[in-house]
>>> print(open('entry.pdb').read())   # PDB, C-alpha atoms
ATOM      1  CA  MET A 122      48.249 144.637  80.808
ATOM      2  CA  VAL A 123      49.185 141.499  82.696
ATOM      3  CA  SER A 124      52.742 141.318  83.964
ATOM      4  CA  GLN A 125      54.343 137.960  84.536
ATOM      5  CA  ILE A 126      56.023 137.324  87.843
ATOM      6  CA  GLN A 127      59.538 136.005  87.341
ATOM      7  CA  PRO A 128      60.480 133.128  89.600
ATOM      8  CA  PRO A 129      63.196 134.010  92.090
ATOM      9  CA  THR A 130      66.646 133.099  90.857
ATOM     10  CA  GLN A 131      68.485 130.443  92.773
ATOM     11  CA  PRO A 132      71.743 131.618  94.320
ATOM     12  CA  GLU A 133      74.835 130.079  92.789
ATOM     13  CA  VAL A 134      76.223 127.240  94.861
ATOM     14  CA  ILE A 135      79.903 127.707  95.695
ATOM     15  CA  TYR A 136      82.042 124.623  96.100
ATOM     16  CA  PRO A 137      85.116 125.628  98.156
ATOM     17  CA  ASP A 138      88.411 123.976  97.284
ATOM     18  CA  SER A 139      89.965 124.515 100.717
ATOM     19  CA  ASP A 140      88.974 124.579 104.362
ATOM     20  CA  GLY A 141      92.111 126.392 105.490
ATOM     21  CA  GLN A 142      93.442 123.298 107.238
ATOM     22  CA  PRO A 143      96.897 121.839 106.481
ATOM     23  CA  VAL A 144      97.208 118.747 104.308
ATOM     24  CA  ALA A 145      98.925 116.845 107.117
ATOM     25  CA  ASN A 146      99.547 117.348 110.810
ATOM     26  CA  ASN A 147     103.094 115.997 110.892
ATOM     27  CA  THR A 148     105.957 114.997 108.610
ATOM     28  CA  ILE A 149     105.300 111.268 108.965
ATOM     29  CA  GLN A 150     101.715 111.569 107.806
ATOM     30  CA  PHE A 151     102.687 113.909 104.963
ATOM     31  CA  GLY A 152     105.464 111.562 103.863
ATOM     32  CA  TRP A 153     103.056 108.656 103.566
ATOM     33  CA  ILE A 154     100.503 110.707 101.656
ATOM     34  CA  VAL A 155     103.144 111.864  99.165
ATOM     35  CA  GLU A 156     104.653 108.377  98.789
ATOM     36  CA  ILE A 157     101.328 106.688  98.038
ATOM     37  CA  LYS A 158     100.141 109.462  95.748
ATOM     38  CA  GLN A 159     103.375 109.690  93.725
ATOM     39  CA  ASN A 160     103.796 105.941  93.353
ATOM     40  CA  LEU A 161     100.215 105.620  92.111
ATOM     41  CA  ASP A 162     100.882 108.480  89.677
ATOM     42  CA  TRP A 163     103.845 106.548  88.273
ATOM     43  CA  LEU A 164     101.953 103.261  88.263
ATOM     44  CA  PHE A 165      99.257 104.765  86.022
ATOM     45  CA  ALA A 166     101.445 107.285  84.194
ATOM     46  CA  ASP A 167     100.712 105.708  80.800
ATOM     47  CA  ASP A 168      96.954 105.486  81.310
ATOM     48  CA  PRO A 169      95.300 108.827  80.446
ATOM     49  CA  ASN A 170      92.063 107.764  82.116
ATOM     50  CA  VAL A 171      93.221 107.284  85.692
ATOM     51  CA  PHE A 172      93.007 110.337  87.938
ATOM     52  CA  VAL A 173      94.994 110.331  91.192
ATOM     53  CA  ALA A 174      94.681 113.144  93.723
ATOM     54  CA  GLY A 175      95.837 114.009  97.224
ATOM     55  CA  ASP A 176      93.790 116.029  99.704
ATOM     56  CA  LEU A 177      91.305 117.108  97.027
ATOM     57  CA  PHE A 178      87.759 118.073  98.000
ATOM     58  CA  TRP A 179      85.231 115.572  96.641
ATOM     59  CA  TYR A 180      81.632 116.731  96.248
ATOM     60  CA  PRO A 181      79.395 113.773  95.386
ATOM     61  CA  VAL A 182      76.046 115.596  95.218
ATOM     62  CA  GLU A 183      75.294 118.597  93.017
ATOM     63  CA  GLY A 184      73.940 121.578  94.910
ATOM     64  CA  ARG A 185      75.003 120.168  98.303
ATOM     65  CA  ASN A 186      78.277 121.859  99.166
ATOM     66  CA  LYS A 187      78.115 120.666 102.774
ATOM     67  CA  ILE A 188      78.437 117.065 101.618
ATOM     68  CA  VAL A 189      82.168 116.938 101.061
ATOM     69  CA  ASN A 190      85.276 115.038 102.032
ATOM     70  CA  ALA A 191      88.950 115.318 101.146
ATOM     71  CA  PRO A 192      90.604 111.871 101.121
ATOM     72  CA  ASP A 193      94.331 111.868 101.764
ATOM     73  CA  VAL A 194      94.679 109.988  98.453
ATOM     74  CA  MET A 195      91.958 108.988  96.026
ATOM     75  CA  VAL A 196      92.043 107.122  92.722
ATOM     76  CA  VAL A 197      89.390 107.449  90.033
ATOM     77  CA  LEU A 198      89.650 104.937  87.219
ATOM     78  CA  GLY A 199      87.848 105.975  84.073
ATOM     79  CA  ARG A 200      88.349 109.718  84.438
ATOM     80  CA  PRO A 201      90.994 111.736  82.585
ATOM     81  CA  LYS A 202      94.114 113.119  84.170
ATOM     82  CA  GLY A 203      94.276 116.861  84.649
ATOM     83  CA  ASP A 204      94.161 119.626  87.225
ATOM     84  CA  ARG A 205      90.990 120.216  89.212
ATOM     85  CA  LEU A 206      90.166 122.682  91.972
ATOM     86  CA  CYS A 207      87.863 120.036  93.418
ATOM     87  CA  TYR A 208      86.221 116.823  92.271
ATOM     88  CA  GLN A 209      82.572 117.530  91.442
ATOM     89  CA  GLN A 210      81.201 114.095  90.716
ATOM     90  CA  TRP A 211      78.265 115.215  88.532
ATOM     91  CA  LYS A 212      80.814 116.809  86.181
ATOM     92  CA  GLU A 213      82.777 113.537  86.028
ATOM     93  CA  GLU A 214      80.015 111.421  84.467
ATOM     94  CA  GLY A 215      78.914 110.484  87.974
ATOM     95  CA  VAL A 216      82.044 108.393  88.598
ATOM     96  CA  ALA A 217      82.962 108.176  92.284
ATOM     97  CA  PRO A 218      86.535 107.510  93.431
ATOM     98  CA  GLN A 219      86.910 103.755  93.546
ATOM     99  CA  VAL A 220      89.867 103.657  95.953
ATOM    100  CA  VAL A 221      90.570 105.908  98.934
ATOM    101  CA  PHE A 222      93.489 106.025 101.374
ATOM    102  CA  GLU A 223      93.579 107.763 104.743
ATOM    103  CA  ILE A 224      96.760 108.181 106.808
ATOM    104  CA  LEU A 225      96.036 108.705 110.486
ATOM    105  CA  SER A 226      97.589 111.409 112.625
ATOM    106  CA  PRO A 227      97.365 111.736 116.419
ATOM    107  CA  SER A 228      94.670 114.404 115.992
ATOM    108  CA  ASN A 229      92.228 112.071 114.230
ATOM    109  CA  THR A 230      89.382 110.959 116.483
ATOM    110  CA  GLN A 231      87.385 107.753 116.276
ATOM    111  CA  THR A 232      84.225 109.776 115.647
ATOM    112  CA  GLU A 233      85.891 111.545 112.705
ATOM    113  CA  MET A 234      87.034 108.277 111.173
ATOM    114  CA  ASP A 235      83.607 106.683 111.689
ATOM    115  CA  LYS A 236      82.085 109.595 109.756
ATOM    116  CA  LYS A 237      84.591 109.122 106.938
ATOM    117  CA  LEU A 238      83.753 105.424 106.698
ATOM    118  CA  LEU A 239      80.048 106.265 106.549
ATOM    119  CA  PHE A 240      80.681 108.881 103.846
ATOM    120  CA  TYR A 241      82.765 106.551 101.668
ATOM    121  CA  ASP A 242      80.259 103.751 102.119
ATOM    122  CA  ARG A 243      77.312 105.982 101.231
ATOM    123  CA  TYR A 244      78.860 107.590  98.156
ATOM    124  CA  GLY A 245      80.252 104.591  96.355
ATOM    125  CA  VAL A 246      83.904 103.982  97.270
ATOM    126  CA  GLU A 247      84.878 100.417  96.342
ATOM    127  CA  GLU A 248      88.028 100.080  98.446
ATOM    128  CA  TYR A 249      88.987 102.028 101.565
ATOM    129  CA  TYR A 250      92.302 101.760 103.400
ATOM    130  CA  ILE A 251      93.433 103.350 106.661
ATOM    131  CA  TYR A 252      97.041 103.238 107.830
ATOM    132  CA  ASP A 253      98.209 104.457 111.232
ATOM    133  CA  PRO A 254     102.004 104.892 110.935
ATOM    134  CA  GLU A 255     102.417 105.646 114.633
ATOM    135  CA  ARG A 256     100.890 102.330 115.705
ATOM    136  CA  ASN A 257     101.717 100.550 112.444
ATOM    137  CA  ASN A 258      98.092  99.459 112.041
ATOM    138  CA  LEU A 259      96.488  98.811 108.661
ATOM    139  CA  HIS A 260      92.774  98.316 108.044
ATOM    140  CA  GLY A 261      90.832  97.890 104.838
ATOM    141  CA  TRP A 262      87.274  97.698 103.561
ATOM    142  CA  LEU A 263      85.958  96.249 100.295
ATOM    143  CA  ARG A 264      82.514  96.862  98.820
ATOM    144  CA  SER A 265      80.095  93.960  98.770
ATOM    145  CA  GLU A 266      76.369  93.797  98.076
ATOM    146  CA  ASP A 267      75.743  95.263 101.531
ATOM    147  CA  GLY A 268      78.286  98.098 101.341
ATOM    148  CA  LEU A 269      81.851  98.380 102.593
ATOM    149  CA  ASP A 270      82.854  95.269 104.542
ATOM    150  CA  VAL A 271      86.002  94.825 106.608
ATOM    151  CA  ILE A 272      88.835  92.953 104.895
ATOM    152  CA  PRO A 273      89.662  90.317 107.519
ATOM    153  CA  GLN A 274      93.265  89.691 106.479
ATOM    154  CA  MET A 275      95.409  92.524 105.112
ATOM    155  CA  GLU A 276      98.702  90.634 104.948
ATOM    156  CA  ASP A 277      99.597  90.192 101.258
ATOM    157  CA  TRP A 278      96.201  91.618 100.312
ATOM    158  CA  VAL A 279      96.017  92.627  96.626
ATOM    159  CA  SER A 280      93.784  95.542  95.695
ATOM    160  CA  PRO A 281      91.169  94.384  93.150
ATOM    161  CA  TRP A 282      91.169  97.796  91.446
ATOM    162  CA  LEU A 283      94.829  98.835  91.653
ATOM    163  CA  LYS A 284      96.524  95.397  91.723
ATOM    164  CA  ILE A 285      98.999  96.660  94.329
ATOM    165  CA  ARG A 286      99.965  94.378  97.223
ATOM    166  CA  PHE A 287      99.906  95.349 100.898
ATOM    167  CA  ALA A 288     102.652  93.825 103.029
ATOM    168  CA  PRO A 289     102.375  94.914 106.668
ATOM    169  CA  SER A 290     105.205  93.824 108.941
ATOM    170  CA  PRO A 291     106.570  94.714 112.400
ATOM    171  CA  GLU A 292     108.958  97.138 110.646
ATOM    172  CA  GLY A 293     106.143  98.979 108.890
ATOM    173  CA  LEU A 294     103.878  98.837 105.868
ATOM    174  CA  GLN A 295     105.293  98.055 102.442
ATOM    175  CA  LEU A 296     103.357  98.449  99.215
ATOM    176  CA  TYR A 297     104.270  96.659  95.997
ATOM    177  CA  ARG A 298     103.416  97.375  92.383
ATOM    178  CA  PRO A 299     101.865  94.656  90.189
ATOM    179  CA  ASP A 300     105.348  93.971  88.770
ATOM    180  CA  GLY A 301     106.655  93.234  92.271
ATOM    181  CA  GLU A 302     108.622  96.478  92.629
ATOM    182  CA  ARG A 303     108.322  98.147  96.022
ATOM    183  CA  PHE A 304     106.829 101.617  96.418
ATOM    184  CA  LEU A 305     109.700 104.081  96.890
ATOM    185  CA  ASN A 306     109.884 107.226  98.961
ATOM    186  CA  TYR A 307     111.162 110.550  97.641
ATOM    187  CA  THR A 308     114.739 110.011  98.843
ATOM    188  CA  GLU A 309     114.950 106.598  97.185
ATOM    189  CA  ILE A 310     113.452 107.956  93.972
ATOM    190  CA  SER A 311     115.956 110.832  93.891
ATOM    191  CA  ARG A 312     118.857 108.465  94.554
ATOM    192  CA  ASN A 313     117.719 106.085  91.801
ATOM    193  CA  ALA A 314     117.270 108.977  89.373
ATOM    194  CA  GLU A 315     120.807 110.201  90.074
ATOM    195  CA  GLN A 316     122.232 106.697  89.627
ATOM    196  CA  GLU A 317     120.369 106.363  86.335
ATOM    197  CA  ARG A 318     121.714 109.731  85.198
ATOM    198  CA  GLN A 319     125.258 108.637  86.044
ATOM    199  CA  ARG A 320     124.812 105.333  84.196
ATOM    200  CA  ALA A 321     123.506 107.178  81.143
ATOM    201  CA  GLU A 322     126.459 109.562  81.226
ATOM    202  CA  GLN A 323     128.933 106.684  81.530
ATOM    203  CA  GLU A 324     127.274 104.909  78.617
ATOM    204  CA  ARG A 325     127.453 108.083  76.536
ATOM    205  CA  GLN A 326     131.155 108.459  77.295
ATOM    206  CA  ARG A 327     131.835 104.812  76.429
ATOM    207  CA  ALA A 328     130.010 105.245  73.126
ATOM    208  CA  GLU A 329     132.036 108.367  72.322
ATOM    209  CA  LEU A 330     135.312 106.588  73.144
ATOM    210  CA  ALA A 331     134.332 103.596  70.997
ATOM    211  CA  GLU A 332     133.419 105.894  68.098
ATOM    212  CA  GLN A 333     136.702 107.748  68.399
ATOM    213  CA  ALA A 334     138.613 104.469  68.503
ATOM    214  CA  ARG A 335     136.982 103.402  65.225
ATOM    215  CA  ARG A 336     137.848 106.730  63.651
ATOM    216  CA  ASP A 337     141.472 106.471  64.789
ATOM    217  CA  ALA A 338     141.744 102.899  63.477
ATOM    218  CA  ILE A 339     140.782 103.747  59.886
ATOM    219  CA  PRO A 340     144.064 105.501  58.868
ATOM    220  CA  ARG A 341     146.154 102.724  60.401
ATOM    221  CA  LEU A 342     144.152 100.014  58.633
ATOM    222  CA  LEU A 343     144.442 101.872  55.330
ATOM    223  CA  GLN A 344     148.230 102.024  55.811
ATOM    224  CA  MET A 345     148.141  98.252  56.217
ATOM    225  CA  ASN A 346     146.648  98.103  52.690
ATOM    226  CA  LEU A 347     143.237  96.864  53.837
ATOM    227  CA  SER A 348     140.420  97.718  51.467
ATOM    228  CA  ILE A 349     137.541 100.011  52.392
ATOM    229  CA  GLU A 350     135.261  96.985  52.387
ATOM    230  CA  GLN A 351     137.537  95.027  54.731
ATOM    231  CA  ILE A 352     137.795  97.957  57.127
ATOM    232  CA  ALA A 353     134.031  98.435  57.127
ATOM    233  CA  GLN A 354     133.513  94.768  57.976
ATOM    234  CA  ALA A 355     136.174  94.829  60.699
ATOM    235  CA  LEU A 356     134.813  97.950  62.408
ATOM    236  CA  GLY A 357     131.126  97.222  61.953
ATOM    237  CA  LEU A 358     130.605 100.300  59.780
ATOM    238  CA  SER A 359     129.132 100.805  56.352
ATOM    239  CA  VAL A 360     131.433 101.309  53.380
ATOM    240  CA  GLU A 361     130.099 104.852  52.985
ATOM    241  CA  GLU A 362     130.856 105.636  56.647
ATOM    242  CA  VAL A 363     134.421 104.423  56.246
ATOM    243  CA  ARG A 364     134.905 106.522  53.091
ATOM    244  CA  THR A 365     133.546 109.612  54.842
ATOM    245  CA  LEU A 366     135.723 109.118  57.937
ATOM    246  CA  ALA A 367     138.799 108.417  55.821
ATOM    247  CA  GLN A 368     138.368 111.795  54.091
ATOM    248  CA  GLU A 369     138.158 113.778  57.329
TER     249      GLU A 369
END
>>> encode(input="entry.pdb", output="structure tokens")
Amino acid sequence: MVSQIQPPTQPEVIYPDSDGQPVANNTIQFGWIVEIKQNLDWLFADDPNVFVAGDLFWYPVEGRNKIVNAPDVMVVLGRPKGDRLCYQQWKEEGVAPQVVFEILSPSNTQTEMDKKLLFYDRYGVEEYYIYDPERNNLHGWLRSEDGLDVIPQMEDWVSPWLKIRFAPSPEGLQLYRPDGERFLNYTEISRNAEQERQRAEQERQRAELAEQARRDAIPRLLQMNLSIEQIAQALGLSVEEVRTLAQE
């Protein structure tokens, strides 16, 4: 009897979703990461096929769990929204993040950032932006036939993929949506949401007062011998509405 030798099974490759390091090293860096990520979420909120992530491990090569990076913010156009433990590119129809943002902290070294640039160039990023909030320096790269090339002028630069505008100034970086609205931070968003809630409540109260005023006017107009039809026309109501309110 001849027994067949089974080939050795390949060990399962584990793709970690964390390296145990914090997302950011300081509040300034974290604030910028959150602001960019949230504003891009809102910008593409109505497009189900734009995935935006912050500090998510990206594995571009199947079976190679040492080839990994975690951009501060990355945008993948053409891939569905949804939660992921990590971004495994071979499970995403091979689509690489087109746009990547990195926010520098004092702990970042030039060697580290050079490695990131090499990684993003090698694995297909189309646009790469680095902002140093401490020094207020902004740099960008755009893919050409030869790979990622430096964008020589970032002032009023418009992202080809995202259509957002970069507006560096001595006071700091500002980002603008395609409609011209400025990116907002969390405090500004919360303040605007509260103002909108108050406006909605005031509008609701005005509508209730106007409705009550119409109701109160019907008996008086009937006492003045106006017809149902005349009252309906005067108050902007239907004849049936006036009849119903008059019977209450």
>>> residues_around(input="entry.pdb", residues="region 168-171 of chain A", least_positions_apart="6", cutoff="6 Å", atoms="all atoms listed in the file", output="list in words")
Val197, Leu198, Gly199, Arg200, Pro201 and Lys202 of chain A
>>> residues_near_point(input="entry.pdb", point="(98.2, 109.1, 104.1)", cutoff="8 Å", atoms="only C-alpha atoms", output="VMD selection string")
chain A and resid 150 to 155 157 193 to 194 222 to 225 251 to 252
>>> resolve_selection(input="entry.pdb", expression="the PyMOL selection byres ((chain A and resi 182) around 10)", output="VMD selection string")
chain A and resid 179 to 181 183 to 189 209 to 211 215 244
>>> closest_residue(input="entry.pdb", among="A:Trp262, A:Asn146, A:Leu358, A:Trp163", to="Phe304 (chain A)", atoms="all atoms listed in the file")
A:Trp163
>>> residues_around(input="entry.pdb", residues="Asn190 (chain A)", least_positions_apart="6", cutoff="12 Å", atoms="all atoms listed in the file", output="PyMOL selection string")
chain A and resi 136-140+175-182+207-209+218+221+223+233-234+236-241+244
>>> write_last_selection(input="entry.pdb", atoms="C-alpha atoms", output="JSON list (two decimals), in the frame of the given file")
[["chain", "number", "residue", "atom", "x", "y", "z"],
["A", 136, "TYR", "CA", 82.04, 124.62, 96.10],
["A", 137, "PRO", "CA", 85.12, 125.63, 98.16],
["A", 138, "ASP", "CA", 88.41, 123.98, 97.28],
["A", 139, "SER", "CA", 89.96, 124.52, 100.72],
["A", 140, "ASP", "CA", 88.97, 124.58, 104.36],
["A", 175, "GLY", "CA", 95.84, 114.01, 97.22],
["A", 176, "ASP", "CA", 93.79, 116.03, 99.70],
["A", 177, "LEU", "CA", 91.30, 117.11, 97.03],
["A", 178, "PHE", "CA", 87.76, 118.07, 98.00],
["A", 179, "TRP", "CA", 85.23, 115.57, 96.64],
["A", 180, "TYR", "CA", 81.63, 116.73, 96.25],
["A", 181, "PRO", "CA", 79.40, 113.77, 95.39],
["A", 182, "VAL", "CA", 76.05, 115.60, 95.22],
["A", 207, "CYS", "CA", 87.86, 120.04, 93.42],
["A", 208, "TYR", "CA", 86.22, 116.82, 92.27],
["A", 209, "GLN", "CA", 82.57, 117.53, 91.44],
["A", 218, "PRO", "CA", 86.54, 107.51, 93.43],
["A", 221, "VAL", "CA", 90.57, 105.91, 98.93],
["A", 223, "GLU", "CA", 93.58, 107.76, 104.74],
["A", 233, "GLU", "CA", 85.89, 111.54, 112.70],
["A", 234, "MET", "CA", 87.03, 108.28, 111.17],
["A", 236, "LYS", "CA", 82.08, 109.60, 109.76],
["A", 237, "LYS", "CA", 84.59, 109.12, 106.94],
["A", 238, "LEU", "CA", 83.75, 105.42, 106.70],
["A", 239, "LEU", "CA", 80.05, 106.26, 106.55],
["A", 240, "PHE", "CA", 80.68, 108.88, 103.85],
["A", 241, "TYR", "CA", 82.76, 106.55, 101.67],
["A", 244, "TYR", "CA", 78.86, 107.59, 98.16]]
>>> atom_distance(input="entry.pdb", atom1="CA of Pro299 (chain A)", atom2="CA of Ile285 (chain A)")
5.4 Å
>>> axis_aligned_box(input="entry.pdb", around="region 175-187 of chain A", padding_each_side="3 Å", output="AutoDock Vina command-line options")
--center_x 84.9 --center_y 117.8 --center_z 97.9 --size_x 27.9 --size_y 14.1 --size_z 15.8
>>> resolve_selection(input="entry.pdb", expression="the PyMOL selection byres ((chain A and resi 337-349) around 8)", output="ChimeraX atom specification")
/A:333-336,350-353,360,363-364,366-367
>>> closest_residue(input="entry.pdb", among="A:Gln219, A:Lys284, A:Asp242, A:Pro289", to="Glu266 (chain A)", atoms="all atoms listed in the file")
A:Asp242
>>> residues_around(input="entry.pdb", residues="Asn306 (chain A)", least_positions_apart="2", cutoff="6 Å", atoms="only C-alpha atoms", output="PyMOL selection string")
chain A and resi 156+308-309
>>> closest_residue(input="entry.pdb", among="A:Met195, A:Gln326, A:Gly293, A:Glu248", to="Trp278 (chain A)", atoms="all atoms listed in the file")
A:Glu248
>>> atom_distance(input="entry.pdb", atom1="CA of Leu296 (chain A)", atom2="CA of Asn160 (chain A)")
9.5 Å
>>> atom_distance(input="entry.pdb", atom1="CA of His260 (chain A)", atom2="CA of Ile272 (chain A)")
7.4 Å
>>> closest_residue(input="entry.pdb", among="A:Tyr307, A:Tyr249, A:Tyr297, A:Phe287", to="Val271 (chain A)", atoms="only C-alpha atoms")
A:Tyr249
>>> residues_around(input="entry.pdb", residues="Gly268 (chain A)", least_positions_apart="5", cutoff="9 Å", atoms="all atoms listed in the file", output="list in words")
Asp242, Arg243, Gly245, Glu247 and Leu263 of chain A
>>> closest_residue(input="entry.pdb", among="A:Lys212, A:Arg312, A:Arg318, A:Arg298", to="Phe165 (chain A)", atoms="all atoms listed in the file")
A:Arg298
>>> decode(input="entry.pdb", residues="region 337-352 of chain A", atoms="N, CA and C atoms", output="compact mmCIF listing (two decimals), in the first residue's frame")
# COMPACT_ATOMS: atom_id res chain seq x y z
N ASP A 337 -57.88 80.59 16.94
CA ASP A 337 -58.60 81.58 17.76
C ASP A 337 -59.38 82.57 16.90
N ALA A 338 -58.92 82.77 15.64
CA ALA A 338 -59.58 83.76 14.78
C ALA A 338 -60.89 83.24 14.21
N ILE A 339 -61.04 81.92 14.10
CA ILE A 339 -62.22 81.37 13.42
C ILE A 339 -63.52 81.75 14.13
N PRO A 340 -63.64 81.58 15.47
CA PRO A 340 -64.91 81.98 16.12
C PRO A 340 -65.23 83.46 15.94
N ARG A 341 -64.21 84.31 16.02
CA ARG A 341 -64.46 85.74 15.88
C ARG A 341 -64.93 86.08 14.46
N LEU A 342 -64.33 85.43 13.46
CA LEU A 342 -64.73 85.70 12.08
C LEU A 342 -66.14 85.17 11.79
N LEU A 343 -66.49 84.05 12.43
CA LEU A 343 -67.85 83.53 12.27
C LEU A 343 -68.86 84.49 12.89
N GLN A 344 -68.49 85.09 14.05
CA GLN A 344 -69.39 86.06 14.69
C GLN A 344 -69.57 87.30 13.84
N MET A 345 -68.61 87.56 12.95
CA MET A 345 -68.71 88.71 12.06
C MET A 345 -69.49 88.35 10.78
N ASN A 346 -70.11 87.13 10.81
CA ASN A 346 -70.94 86.67 9.70
C ASN A 346 -70.16 86.41 8.41
N LEU A 347 -68.86 86.09 8.54
CA LEU A 347 -68.11 85.67 7.36
C LEU A 347 -68.44 84.20 7.09
N SER A 348 -68.48 83.85 5.83
CA SER A 348 -68.76 82.46 5.46
C SER A 348 -67.54 81.60 5.71
N ILE A 349 -67.77 80.28 5.75
CA ILE A 349 -66.67 79.33 5.90
C ILE A 349 -65.65 79.52 4.77
N GLU A 350 -66.15 79.73 3.57
CA GLU A 350 -65.27 79.90 2.42
C GLU A 350 -64.42 81.16 2.56
N GLN A 351 -65.03 82.25 3.03
CA GLN A 351 -64.28 83.49 3.21
C GLN A 351 -63.20 83.35 4.28
N ILE A 352 -63.57 82.66 5.36
CA ILE A 352 -62.59 82.46 6.44
C ILE A 352 -61.43 81.60 5.96
